[in-house]
$ cat final_7.tsv   # TSV, C-alpha atoms and all ligand atoms
chain	number	residue	atom	x	y	z
A	1	MET	CA	9.70	15.10	9.10
A	2	THR	CA	6.53	14.54	7.09
A	3	VAL	CA	4.63	11.31	6.39
A	4	VAL	CA	2.72	11.10	3.11
A	5	SER	CA	0.77	8.31	1.45
A	6	THR	CA	0.34	9.39	-2.17
A	7	VAL	CA	2.67	9.54	-5.15
A	8	GLU	CA	1.47	13.08	-5.85
A	9	GLU	CA	2.54	14.30	-2.38
A	10	VAL	CA	6.02	12.79	-2.77
A	11	ARG	CA	6.46	14.35	-6.21
A	12	LYS	CA	5.33	17.77	-4.98
A	13	GLN	CA	7.82	17.73	-2.09
A	14	VAL	CA	10.73	16.42	-4.17
A	15	LYS	CA	10.03	19.00	-6.91
A	16	GLU	CA	10.22	21.74	-4.31
A	17	TRP	CA	13.57	20.41	-3.02
A	18	ARG	CA	14.88	20.20	-6.57
A	19	ARG	CA	13.79	23.80	-7.18
A	20	GLN	CA	15.99	24.73	-4.22
A	21	GLY	CA	18.89	22.82	-5.77
A	22	LEU	CA	18.94	20.12	-3.07
A	23	THR	CA	20.10	16.51	-3.48
A	24	VAL	CA	17.85	13.60	-2.51
A	25	GLY	CA	18.62	10.15	-1.12
A	26	LEU	CA	16.11	7.28	-1.01
A	27	VAL	CA	16.03	4.42	1.50
A	28	PRO	CA	13.52	1.80	0.30
A	29	THR	CA	12.18	-0.33	3.19
A	30	MET	CA	9.27	-2.58	4.07
A	31	GLY	CA	8.99	-0.88	7.46
A	32	TYR	CA	9.37	-2.34	10.95
A	33	LEU	CA	12.61	-0.44	11.01
A	34	HIS	CA	15.62	-1.60	13.03
A	35	GLU	CA	19.24	-0.48	13.43
A	36	GLY	CA	20.06	-1.90	9.98
A	37	HIS	CA	17.59	0.53	8.41
A	38	ALA	CA	18.79	3.26	10.77
A	39	SER	CA	22.31	2.91	9.34
A	40	LEU	CA	20.97	3.28	5.77
A	41	ILE	CA	18.96	6.38	6.72
A	42	ALA	CA	21.96	7.87	8.52
A	43	ALA	CA	24.18	7.18	5.47
A	44	SER	CA	21.66	8.90	3.20
A	45	HIS	CA	21.37	11.84	5.61
A	46	ARG	CA	25.18	12.16	5.56
A	47	ASP	CA	25.44	12.06	1.73
A	48	ASN	CA	22.36	14.05	0.67
A	49	ASP	CA	20.52	17.25	1.56
A	50	LYS	CA	17.20	15.41	1.92
A	51	THR	CA	16.28	11.79	2.67
A	52	VAL	CA	13.11	9.97	1.68
A	53	VAL	CA	12.28	6.64	3.38
A	54	SER	CA	9.70	4.45	1.68
A	55	ASP	CA	7.80	2.25	4.11
A	56	PHE	CA	5.77	-0.26	2.12
A	57	VAL	CA	5.25	-4.01	2.50
A	58	ASN	CA	5.34	-4.86	-1.18
A	59	PRO	CA	2.78	-7.61	-1.82
A	60	ILE	CA	4.14	-8.65	-5.22
A	61	GLN	CA	7.52	-9.80	-3.86
A	62	PHE	CA	5.90	-12.41	-1.57
A	63	GLY	CA	5.07	-15.93	-2.77
A	64	PRO	CA	1.61	-17.42	-2.09
A	65	SER	CA	2.83	-19.41	0.94
A	66	GLU	CA	5.02	-16.62	2.34
A	67	ASP	CA	4.54	-14.21	5.23
A	68	LEU	CA	2.82	-11.20	3.57
A	69	GLU	CA	-0.07	-11.16	6.05
A	70	SER	CA	2.05	-11.68	9.17
A	71	TYR	CA	4.94	-9.42	8.10
A	72	PRO	CA	5.45	-7.08	11.10
A	73	ARG	CA	4.24	-3.49	10.78
A	74	ASP	CA	4.57	-0.52	13.16
A	75	ILE	CA	4.44	2.87	11.47
A	76	GLU	CA	4.55	4.85	14.73
A	77	HIS	CA	7.83	3.19	15.71
A	78	ASP	CA	9.12	3.66	12.13
A	79	LYS	CA	8.38	7.40	12.23
A	80	LYS	CA	10.47	7.84	15.38
A	81	LEU	CA	13.41	5.80	14.17
A	82	ALA	CA	13.42	7.45	10.73
A	83	GLU	CA	13.25	10.95	12.19
A	84	GLN	CA	15.99	10.26	14.75
A	85	ASN	CA	18.29	9.19	11.93
A	86	GLY	CA	17.69	12.19	9.71
A	87	ALA	CA	14.80	11.26	7.40
A	88	ASP	CA	12.86	14.21	5.96
A	89	LEU	CA	9.95	12.39	4.37
A	90	ILE	CA	8.33	8.97	4.81
A	91	PHE	CA	6.35	7.60	1.89
A	92	HIS	CA	3.86	5.13	3.37
A	93	PRO	CA	1.39	4.20	0.63
A	94	GLU	CA	-1.48	1.71	0.67
A	95	PRO	CA	-1.09	-1.18	-1.81
A	96	GLU	CA	-3.78	0.41	-4.06
A	97	GLU	CA	-1.67	3.56	-4.40
A	98	MET	CA	1.23	1.49	-5.77
A	99	TYR	CA	-0.80	-1.08	-7.71
A	100	HIS	CA	-3.93	0.40	-9.22
A	101	GLU	CA	-6.57	-1.85	-10.74
A	102	GLY	CA	-5.29	-3.24	-14.00
A	103	PHE	CA	-1.63	-2.85	-13.05
A	104	SER	CA	0.22	-5.12	-15.46
A	105	THR	CA	3.80	-4.00	-16.08
A	106	HIS	CA	6.70	-5.75	-14.35
A	107	VAL	CA	10.47	-5.54	-14.42
A	108	ASP	CA	11.91	-8.99	-14.98
A	109	MET	CA	15.63	-9.80	-15.04
A	110	ASP	CA	16.92	-12.81	-16.95
A	111	VAL	CA	20.16	-13.20	-15.02
A	112	LEU	CA	21.11	-13.12	-11.28
A	113	THR	CA	17.55	-13.73	-10.11
A	114	LYS	CA	17.30	-17.48	-10.61
A	115	GLU	CA	20.12	-18.33	-8.19
A	116	LEU	CA	20.33	-18.39	-4.36
A	117	CYS	CA	17.11	-16.87	-2.93
A	118	GLY	CA	15.57	-16.81	-6.41
A	119	LEU	CA	15.52	-20.64	-6.41
A	120	SER	CA	13.38	-20.93	-3.30
A	121	ARG	CA	11.46	-17.69	-3.89
A	122	PRO	CA	10.39	-17.70	-7.56
A	123	GLY	CA	9.01	-14.32	-8.63
A	124	HIS	CA	10.54	-12.56	-5.61
A	125	PHE	CA	13.06	-10.47	-7.55
A	126	ARG	CA	10.47	-9.61	-10.21
A	127	GLY	CA	8.46	-8.05	-7.40
A	128	VAL	CA	11.50	-6.31	-5.94
A	129	CYS	CA	12.69	-4.91	-9.29
A	130	THR	CA	9.18	-3.70	-10.12
A	131	VAL	CA	8.60	-1.88	-6.82
A	132	VAL	CA	12.12	-0.42	-6.71
A	133	THR	CA	11.71	0.88	-10.29
A	134	LYS	CA	8.41	2.47	-9.30
A	135	LEU	CA	10.00	4.04	-6.20
A	136	PHE	CA	12.89	5.34	-8.30
A	137	ASN	CA	10.40	6.86	-10.79
A	138	ILE	CA	8.33	8.42	-8.01
A	139	VAL	CA	11.20	9.89	-5.95
A	140	LYS	CA	13.87	10.30	-8.68
A	141	PRO	CA	16.66	10.20	-6.07
A	142	ASP	CA	20.34	10.94	-6.68
A	143	ARG	CA	21.33	7.97	-4.51
A	144	ALA	CA	19.56	4.92	-3.09
A	145	TYR	CA	20.69	2.83	-0.11
A	146	PHE	CA	20.41	-0.94	0.34
A	147	GLY	CA	21.80	-3.29	3.00
A	148	LYS	CA	24.47	-5.83	2.14
A	149	LYS	CA	22.54	-8.45	4.14
A	150	ASP	CA	20.35	-8.81	1.06
A	151	ALA	CA	23.45	-9.22	-1.07
A	152	GLN	CA	21.67	-10.75	-4.04
A	153	GLN	CA	19.06	-7.98	-3.98
A	154	LEU	CA	21.85	-5.41	-4.00
A	155	ALA	CA	23.52	-7.10	-7.01
A	156	VAL	CA	20.17	-7.32	-8.83
A	157	ILE	CA	19.38	-3.64	-8.24
A	158	LYS	CA	22.84	-2.54	-9.41
A	159	HIS	CA	22.44	-4.66	-12.54
A	160	MET	CA	18.96	-3.26	-13.20
A	161	VAL	CA	20.12	0.34	-12.80
A	162	ASN	CA	22.90	-0.31	-15.29
A	163	ASP	CA	20.70	-2.20	-17.78
A	164	LEU	CA	17.93	0.41	-17.74
A	165	ASN	CA	20.22	3.48	-17.65
A	166	MET	CA	18.75	4.75	-14.41
A	167	ASP	CA	20.72	7.80	-13.31
A	168	ILE	CA	20.92	6.76	-9.64
A	169	GLU	CA	23.93	5.83	-7.55
A	170	ILE	CA	23.34	2.59	-5.62
A	171	ILE	CA	25.07	2.43	-2.25
A	172	GLY	CA	25.51	-0.87	-0.41
A	173	CYS	CA	25.81	-0.53	3.39
A	174	PRO	CA	27.38	-3.02	5.85
A	175	ILE	CA	25.36	-5.66	7.72
A	176	ILE	CA	24.37	-4.51	11.21
A	177	ARG	CA	24.38	-7.27	13.85
A	178	GLU	CA	22.99	-7.82	17.33
A	179	ALA	CA	25.63	-7.95	20.10
A	180	ASP	CA	25.71	-11.76	19.84
A	181	GLY	CA	26.23	-11.72	16.06
A	182	LEU	CA	22.74	-12.32	14.66
A	183	ALA	CA	22.21	-10.10	11.60
A	184	LYS	CA	19.42	-7.57	12.22
A	185	SER	CA	16.24	-8.45	10.36
A	186	SER	CA	12.56	-7.59	10.75
A	187	ARG	CA	11.93	-11.36	10.57
A	188	ASN	CA	13.94	-11.95	13.78
A	189	THR	CA	10.75	-10.95	15.62
A	190	TYR	CA	9.17	-14.25	14.50
A	191	LEU	CA	11.66	-16.21	16.66
A	192	ASN	CA	10.79	-17.45	20.15
A	193	GLU	CA	13.54	-17.62	22.76
A	194	GLN	CA	14.73	-21.09	21.80
A	195	GLU	CA	14.65	-20.31	18.08
A	196	ARG	CA	16.47	-17.02	18.67
A	197	LYS	CA	19.34	-18.99	20.26
A	198	ALA	CA	19.31	-21.51	17.41
A	199	ALA	CA	19.46	-18.66	14.87
A	200	LEU	CA	22.97	-17.84	16.07
A	201	ILE	CA	24.06	-20.76	13.92
A	202	LEU	CA	23.94	-18.40	10.92
A	203	SER	CA	26.53	-15.94	12.23
A	204	ARG	CA	28.59	-18.82	13.68
A	205	SER	CA	28.87	-20.51	10.30
A	206	ILE	CA	29.58	-17.15	8.62
A	207	SER	CA	32.43	-16.57	11.13
A	208	LEU	CA	33.76	-20.04	10.38
A	209	GLY	CA	33.79	-19.29	6.63
A	210	ILE	CA	35.49	-15.93	7.21
A	211	ASP	CA	38.18	-17.60	9.37
A	212	MET	CA	38.85	-20.19	6.65
A	213	VAL	CA	39.28	-17.46	4.02
A	214	ARG	CA	41.52	-15.47	6.38
A	215	ASN	CA	43.65	-18.59	6.85
A	216	GLY	CA	44.16	-18.83	3.11
A	217	GLU	CA	41.57	-21.45	2.08
A	218	THR	CA	40.58	-20.91	-1.56
A	219	ASP	CA	38.58	-24.09	-2.24
A	220	ALA	CA	34.95	-22.91	-2.23
A	221	HIS	CA	33.51	-26.39	-1.64
A	222	ARG	CA	35.75	-27.05	1.33
A	223	ILE	CA	34.52	-23.79	2.90
A	224	THR	CA	30.82	-24.39	2.21
A	225	ASP	CA	31.06	-28.05	3.35
A	226	MET	CA	32.52	-26.96	6.70
A	227	MET	CA	29.79	-24.31	7.04
A	228	LYS	CA	27.07	-26.86	6.23
A	229	ASP	CA	28.51	-29.25	8.84
A	230	GLU	CA	28.41	-26.42	11.38
A	231	ILE	CA	24.75	-25.64	10.56
A	232	ALA	CA	23.87	-29.36	10.81
A	233	LYS	CA	25.02	-29.30	14.47
A	234	GLU	CA	21.99	-27.14	15.37
A	235	PRO	CA	18.90	-29.39	15.56
A	236	LEU	CA	16.44	-26.52	14.90
A	237	ALA	CA	18.28	-25.36	11.77
A	238	LYS	CA	17.98	-26.59	8.21
A	239	ALA	CA	20.14	-25.06	5.49
A	240	ASP	CA	18.29	-23.88	2.39
A	241	TYR	CA	21.59	-23.05	0.67
A	242	VAL	CA	25.23	-22.39	1.52
A	243	LYS	CA	27.03	-21.15	-1.58
A	244	ILE	CA	30.01	-19.22	-2.78
A	245	VAL	CA	29.28	-17.25	-5.94
A	246	ASP	CA	30.87	-14.68	-8.20
A	247	CYS	CA	29.83	-11.27	-6.82
A	248	GLU	CA	28.59	-9.98	-10.15
A	249	THR	CA	27.02	-13.03	-11.83
A	250	MET	CA	25.79	-14.87	-8.70
A	251	GLN	CA	27.07	-18.08	-10.36
A	252	GLN	CA	28.79	-20.64	-8.14
A	253	ILE	CA	32.57	-20.71	-8.37
A	254	PRO	CA	34.89	-23.57	-7.37
A	255	THR	CA	37.85	-21.39	-6.34
A	256	LEU	CA	38.17	-18.02	-4.64
A	257	ASP	CA	40.04	-16.49	-7.58
A	258	ARG	CA	37.87	-13.34	-7.88
A	259	PRO	CA	35.65	-11.17	-5.65
A	260	ALA	CA	33.16	-13.63	-4.19
A	261	LEU	CA	30.04	-13.68	-2.07
A	262	CYS	CA	29.47	-16.46	0.44
A	263	ALA	CA	25.71	-16.51	1.08
A	264	ILE	CA	23.53	-18.69	3.28
A	265	ALA	CA	19.82	-19.13	3.90
A	266	VAL	CA	18.69	-21.23	6.86
A	267	TYR	CA	15.26	-22.29	8.08
A	268	ILE	CA	14.88	-22.11	11.85
A	269	ASN	CA	12.36	-24.62	13.20
A	270	ASN	CA	10.98	-25.10	9.66
A	271	LYS	CA	9.33	-21.73	10.19
A	272	VAL	CA	11.55	-18.69	9.79
A	273	ARG	CA	13.93	-18.36	6.85
A	274	LEU	CA	16.92	-16.15	7.65
A	275	ILE	CA	19.85	-15.08	5.45
A	276	ASP	CA	23.40	-13.97	6.13
A	277	ASN	CA	26.59	-13.60	4.11
A	278	PHE	CA	30.09	-12.24	3.71
A	279	PHE	CA	31.91	-10.69	0.77
A	280	THR	CA	35.53	-11.87	0.44
A	281	GLU	CA	36.47	-8.29	-0.48
A	282	ASP	CA	35.28	-7.07	2.95
A	283	ILE	CA	37.55	-9.47	4.87
A	301	LIG	O1	14.83	-5.00	1.16
A	301	LIG	C1	13.63	-4.71	1.31
A	301	LIG	O2	13.16	-4.35	2.38
A	301	LIG	C2	12.70	-4.79	0.09
A	301	LIG	O3	13.02	-5.88	-0.70
A	301	LIG	C3	12.67	-3.49	-0.73
A	301	LIG	C4	14.00	-3.19	-1.37
A	301	LIG	C5	12.24	-2.34	0.16
A	301	LIG	C6	11.62	-3.61	-1.85
A	301	LIG	O4	10.35	-3.85	-1.35

$ encode --input "final_7.tsv" --output "structure tokens"
Amino acid sequence: MTVVSTVEEVRKQVKEWRRQGLTVGLVPTMGYLHEGHASLIAASHRDNDKTVVSDFVNPIQFGPSEDLESYPRDIEHDKKLAEQNGADLIFHPEPEEMYHEGFSTHVDMDVLTKELCGLSRPGHFRGVCTVVTKLFNIVKPDRAYFGKKDAQQLAVIKHMVNDLNMDIEIIGCPIIREADGLAKSSRNTYLNEQERKAALILSRSISLGIDMVRNGETDAHRITDMMKDEIAKEPLAKADYVKIVDCETMQQIPTLDRPALCAIAVYINNKVRLIDNFFTEDI
């Protein structure tokens, strides 16, 4: 496995693979890789001849008061995990390589991005769409892999690829959880022991919602109200949102009469914002 830091090096390698008639998968990440990323890399390795992992903390998807500076980074660990799971190339650029002086073109989506996480993180999806478009243009993969934990991001990327006629298959991969249920996230490292315990409220309320759907509940508000009550039982937790939305439009729906996404965002100790979700179709 090779690690490169320039666009030119990625292009040169991918061109060579293309010349050999090989297929290429891309796993975009912000590094600090965990088993969730490992599952995406392994899926790409299974589906494609070659796998590129991008490892880049994208400054333009962070708001001014967010955790850009403190976002965890560990390229040596990332190299090992990526290689063990079948990556062939890591693209690890400096911010200047991605955003040269005078950079001024962004990809902005009018729909999907103003709901859920978009409400509390204005500009976030503009940053995500812009960097993912750049990565797609640099690597030109056949397939790209994203986790279902960032369900809104996955919907936004699929919509963008369709709107802009990008010839790339977008694959959504299942949420990977710790043994006790907490969804894997690089941001879990921000939690101290007490907060880590409190964070289990996310997967507990998700399980509650899943049970209600399994038992035939179709009233979206009844489900989200019960989940909010559950979250309120944990003193260190504060719900940002608990919503059931149409999978494609991200608009809230009153009844589970179509494929739906139940998504939550919860602040732990007013410090760490974590997300979790379930798709009714996966139940
Ligand atoms: O999901 C992430 O880690 C990031 O949002 C992504 C897709 C790598 C873009 O920076």

$ residues_near_point --input "final_7.tsv" --point "(16.5, 4.2, 13.8)" --cutoff "7 Å" --atoms "only C-alpha atoms" --output "short mmCIF file (atom, residue, chain, number, x, y, z; two decimals) with C-alpha atoms, keeping the file's coordinate frame"
data_model
loop_
_atom_site.label_atom_id
_atom_site.label_comp_id
_atom_site.auth_asym_id
_atom_site.auth_seq_id
_atom_site.Cartn_x
_atom_site.Cartn_y
_atom_site.Cartn_z
CA LEU A 33 12.61 -0.44 11.01
CA HIS A 34 15.62 -1.60 13.03
CA GLU A 35 19.24 -0.48 13.43
CA HIS A 37 17.59 0.53 8.41
CA ALA A 38 18.79 3.26 10.77
CA LEU A 81 13.41 5.80 14.17
CA ALA A 82 13.42 7.45 10.73
CA GLN A 84 15.99 10.26 14.75
CA ASN A 85 18.29 9.19 11.93
#

$ closest_atom_pairs --input "final_7.tsv" --of "chain A" --to "ligand LIG 301 (chain A)" --cutoff "6 Å" --atoms "all atoms listed in the file" --output "CSV"
residue,atom,partner,partner_atom,distance
A:Pro28,CA,A:LIG301,C5,4.3
A:Thr29,CA,A:LIG301,C5,3.6
A:Met30,CA,A:LIG301,O2,4.6
A:Asn58,CA,A:LIG301,O4,5.1
A:Val128,CA,A:LIG301,C6,4.9
A:Val132,CA,A:LIG301,C6,5.8

$ write_last_selection --input "final_7.tsv" --atoms "C-alpha atoms" --output "PDB file, keeping the file's coordinate frame"
ATOM      1  CA  PRO A  28      13.520   1.800   0.300  1.00  0.00           C
ATOM      2  CA  THR A  29      12.180  -0.330   3.190  1.00  0.00           C
ATOM      3  CA  MET A  30       9.270  -2.580   4.070  1.00  0.00           C
ATOM      4  CA  ASN A  58       5.340  -4.860  -1.180  1.00  0.00           C
ATOM      5  CA  VAL A 128      11.500  -6.310  -5.940  1.00  0.00           C
ATOM      6  CA  VAL A 132      12.120  -0.420  -6.710  1.00  0.00           C
TER       7      VAL A 132
END

$ residues_around --input "final_7.tsv" --residues "Gly123 (chain A)" --least-positions-apart "2" --cutoff "8 Å" --atoms "all atoms listed in the file" --output "number ranges by chain"
A: 61-63, 118, 121, 125-127

$ write_last_selection --input "final_7.tsv" --atoms "C-alpha atoms" --output "PDB file, in the coordinates of the input"
ATOM      1  CA  GLN A  61       7.520  -9.800  -3.860  1.00  0.00           C
ATOM      2  CA  PHE A  62       5.900 -12.410  -1.570  1.00  0.00           C
ATOM      3  CA  GLY A  63       5.070 -15.930  -2.770  1.00  0.00           C
ATOM      4  CA  GLY A 118      15.570 -16.810  -6.410  1.00  0.00           C
ATOM      5  CA  ARG A 121      11.460 -17.690  -3.890  1.00  0.00           C
ATOM      6  CA  PHE A 125      13.060 -10.470  -7.550  1.00  0.00           C
ATOM      7  CA  ARG A 126      10.470  -9.610 -10.210  1.00  0.00           C
ATOM      8  CA  GLY A 127       8.460  -8.050  -7.400  1.00  0.00           C
TER       9      GLY A 127
END

$ closest_residue --input "final_7.tsv" --among "A:Ile170, A:Val7, A:Val14, A:Leu236" --to "Pro93 (chain A)" --atoms "all atoms listed in the file"
A:Val7

$ closest_residue --input "final_7.tsv" --among "A:Cys173, A:Leu116, A:Met98, A:Val27" --to "Ile41 (chain A)" --atoms "only C-alpha atoms"
A:Val27

$ atom_distance --input "final_7.tsv" --atom1 "CA of Leu202 (chain A)" --atom2 "CA of Asp276 (chain A)"
6.5 Å

$ closest_residue --input "final_7.tsv" --among "A:Gly209, A:Glu281, A:Cys129, A:Gly36" --to "Asp163 (chain A)" --atoms "only C-alpha atoms"
A:Cys129

$ closest_residue --input "final_7.tsv" --among "A:Glu101, A:Ala144, A:Leu274, A:Glu96" --to "Leu200 (chain A)" --atoms "all atoms listed in the file"
A:Leu274

$ atom_distance --input "final_7.tsv" --atom1 "CA of Glu248 (chain A)" --atom2 "CA of Val131 (chain A)"
21.8 Å

$ closest_residue --input "final_7.tsv" --among "A:Leu261, A:Val213, A:Met250, A:Leu68" --to "Val111 (chain A)" --atoms "all atoms listed in the file"
A:Met250

$ axis_aligned_box --input "final_7.tsv" --around "region 268-279 of chain A" --padding-each-side "3 Å" --output "AutoDock Vina command-line options"
--center_x 20.6 --center_y -17.9 --center_z 7.0 --size_x 28.6 --size_y 20.4 --size_z 18.4

$ atom_distance --input "final_7.tsv" --atom1 "CA of Cys262 (chain A)" --atom2 "CA of Pro64 (chain A)"
28.0 Å

$ closest_residue --input "final_7.tsv" --among "A:Arg222, A:Arg187, A:Lys134, A:Lys243" --to "Lys271 (chain A)" --atoms "all atoms listed in the file"
A:Arg187

$ residues_near_point --input "final_7.tsv" --point "(31.8, -19.9, 9.0)" --cutoff "10 Å" --atoms "all atoms listed in the file" --output "MDAnalysis selection string"
chainID A and resid 201:213 223:231 262 277:278

$ residues_around --input "final_7.tsv" --residues "Ser120 (chain A)" --least-positions-apart "4" --cutoff "10 Å" --atoms "all atoms listed in the file" --output "list in words"
Gly63, Lys114, Glu115, Leu116, His124, Asp240, Tyr241 and Ala265 of chain A

$ write_last_selection --input "final_7.tsv" --atoms "C-alpha atoms" --output "short mmCIF file (atom, residue, chain, number, x, y, z; two decimals), keeping the file's coordinate frame"
data_model
loop_
_atom_site.label_atom_id
_atom_site.label_comp_id
_atom_site.auth_asym_id
_atom_site.auth_seq_id
_atom_site.Cartn_x
_atom_site.Cartn_y
_atom_site.Cartn_z
CA GLY A 63 5.07 -15.93 -2.77
CA LYS A 114 17.30 -17.48 -10.61
CA GLU A 115 20.12 -18.33 -8.19
CA LEU A 116 20.33 -18.39 -4.36
CA HIS A 124 10.54 -12.56 -5.61
CA ASP A 240 18.29 -23.88 2.39
CA TYR A 241 21.59 -23.05 0.67
CA ALA A 265 19.82 -19.13 3.90
#

$ residues_around --input "final_7.tsv" --residues "Asn192 (chain A)" --least-positions-apart "6" --cutoff "12 Å" --atoms "all atoms listed in the file" --output "PyMOL selection string"
chain A and resi 198-199+236+268-269+271-272

$ residues_around --input "final_7.tsv" --residues "region 2-5 of chain A" --least-positions-apart "6" --cutoff "12 Å" --atoms "all atoms listed in the file" --output "PDB file with C-alpha atoms, in the coordinates of the input"
ATOM      1  CA  ARG A  11       6.460  14.350  -6.210  1.00  0.00           C
ATOM      2  CA  LYS A  12       5.330  17.770  -4.980  1.00  0.00           C
ATOM      3  CA  GLN A  13       7.820  17.730  -2.090  1.00  0.00           C
ATOM      4  CA  LYS A  50      17.200  15.410   1.920  1.00  0.00           C
ATOM      5  CA  THR A  51      16.280  11.790   2.670  1.00  0.00           C
ATOM      6  CA  VAL A  52      13.110   9.970   1.680  1.00  0.00           C
ATOM      7  CA  VAL A  53      12.280   6.640   3.380  1.00  0.00           C
ATOM      8  CA  SER A  54       9.700   4.450   1.680  1.00  0.00           C
ATOM      9  CA  ASP A  55       7.800   2.250   4.110  1.00  0.00           C
ATOM     10  CA  PHE A  56       5.770  -0.260   2.120  1.00  0.00           C
ATOM     11  CA  ILE A  75       4.440   2.870  11.470  1.00  0.00           C
ATOM     12  CA  GLU A  76       4.550   4.850  14.730  1.00  0.00           C
ATOM     13  CA  ASP A  78       9.120   3.660  12.130  1.00  0.00           C
ATOM     14  CA  LYS A  79       8.380   7.400  12.230  1.00  0.00           C
ATOM     15  CA  LYS A  80      10.470   7.840  15.380  1.00  0.00           C
ATOM     16  CA  ALA A  82      13.420   7.450  10.730  1.00  0.00           C
ATOM     17  CA  GLU A  83      13.250  10.950  12.190  1.00  0.00           C
ATOM     18  CA  GLY A  86      17.690  12.190   9.710  1.00  0.00           C
ATOM     19  CA  ALA A  87      14.800  11.260   7.400  1.00  0.00           C
ATOM     20  CA  ASP A  88      12.860  14.210   5.960  1.00  0.00           C
ATOM     21  CA  LEU A  89       9.950  12.390   4.370  1.00  0.00           C
ATOM     22  CA  ILE A  90       8.330   8.970   4.810  1.00  0.00           C
ATOM     23  CA  PHE A  91       6.350   7.600   1.890  1.00  0.00           C
ATOM     24  CA  HIS A  92       3.860   5.130   3.370  1.00  0.00           C
ATOM     25  CA  PRO A  93       1.390   4.200   0.630  1.00  0.00           C
ATOM     26  CA  GLU A  94      -1.480   1.710   0.670  1.00  0.00           C
ATOM     27  CA  PRO A  95      -1.090  -1.180  -1.810  1.00  0.00           C
ATOM     28  CA  GLU A  96      -3.780   0.410  -4.060  1.00  0.00           C
ATOM     29  CA  GLU A  97      -1.670   3.560  -4.400  1.00  0.00           C
ATOM     30  CA  MET A  98       1.230   1.490  -5.770  1.00  0.00           C
TER      31      MET A  98
END

$ decode --input "final_7.tsv" --residues "region 60-74 of chain A" --atoms "C-alpha atoms" --output "PDB file, in the first residue's frame"
ATOM      1  CA  ILE A  60     -14.670  23.657   4.974  1.00  0.00           C
ATOM      2  CA  GLN A  61     -17.263  21.281   6.455  1.00  0.00           C
ATOM      3  CA  PHE A  62     -16.634  22.536  10.022  1.00  0.00           C
ATOM      4  CA  GLY A  63     -18.452  25.566  11.455  1.00  0.00           C
ATOM      5  CA  PRO A  64     -16.467  28.317  13.236  1.00  0.00           C
ATOM      6  CA  SER A  65     -17.287  26.948  16.714  1.00  0.00           C
ATOM      7  CA  GLU A  66     -16.809  23.283  15.778  1.00  0.00           C
ATOM      8  CA  ASP A  67     -13.988  20.827  16.457  1.00  0.00           C
ATOM      9  CA  LEU A  68     -11.700  21.282  13.409  1.00  0.00           C
ATOM     10  CA  GLU A  69      -8.593  21.910  15.511  1.00  0.00           C
ATOM     11  CA  SER A  70      -9.225  19.124  18.024  1.00  0.00           C
ATOM     12  CA  TYR A  71     -10.509  16.548  15.500  1.00  0.00           C
ATOM     13  CA  PRO A  72      -8.413  13.415  16.220  1.00  0.00           C
ATOM     14  CA  ARG A  73      -5.660  12.518  13.765  1.00  0.00           C
ATOM     15  CA  ASP A  74      -3.324   9.492  13.622  1.00  0.00           C
TER      16      ASP A  74
END
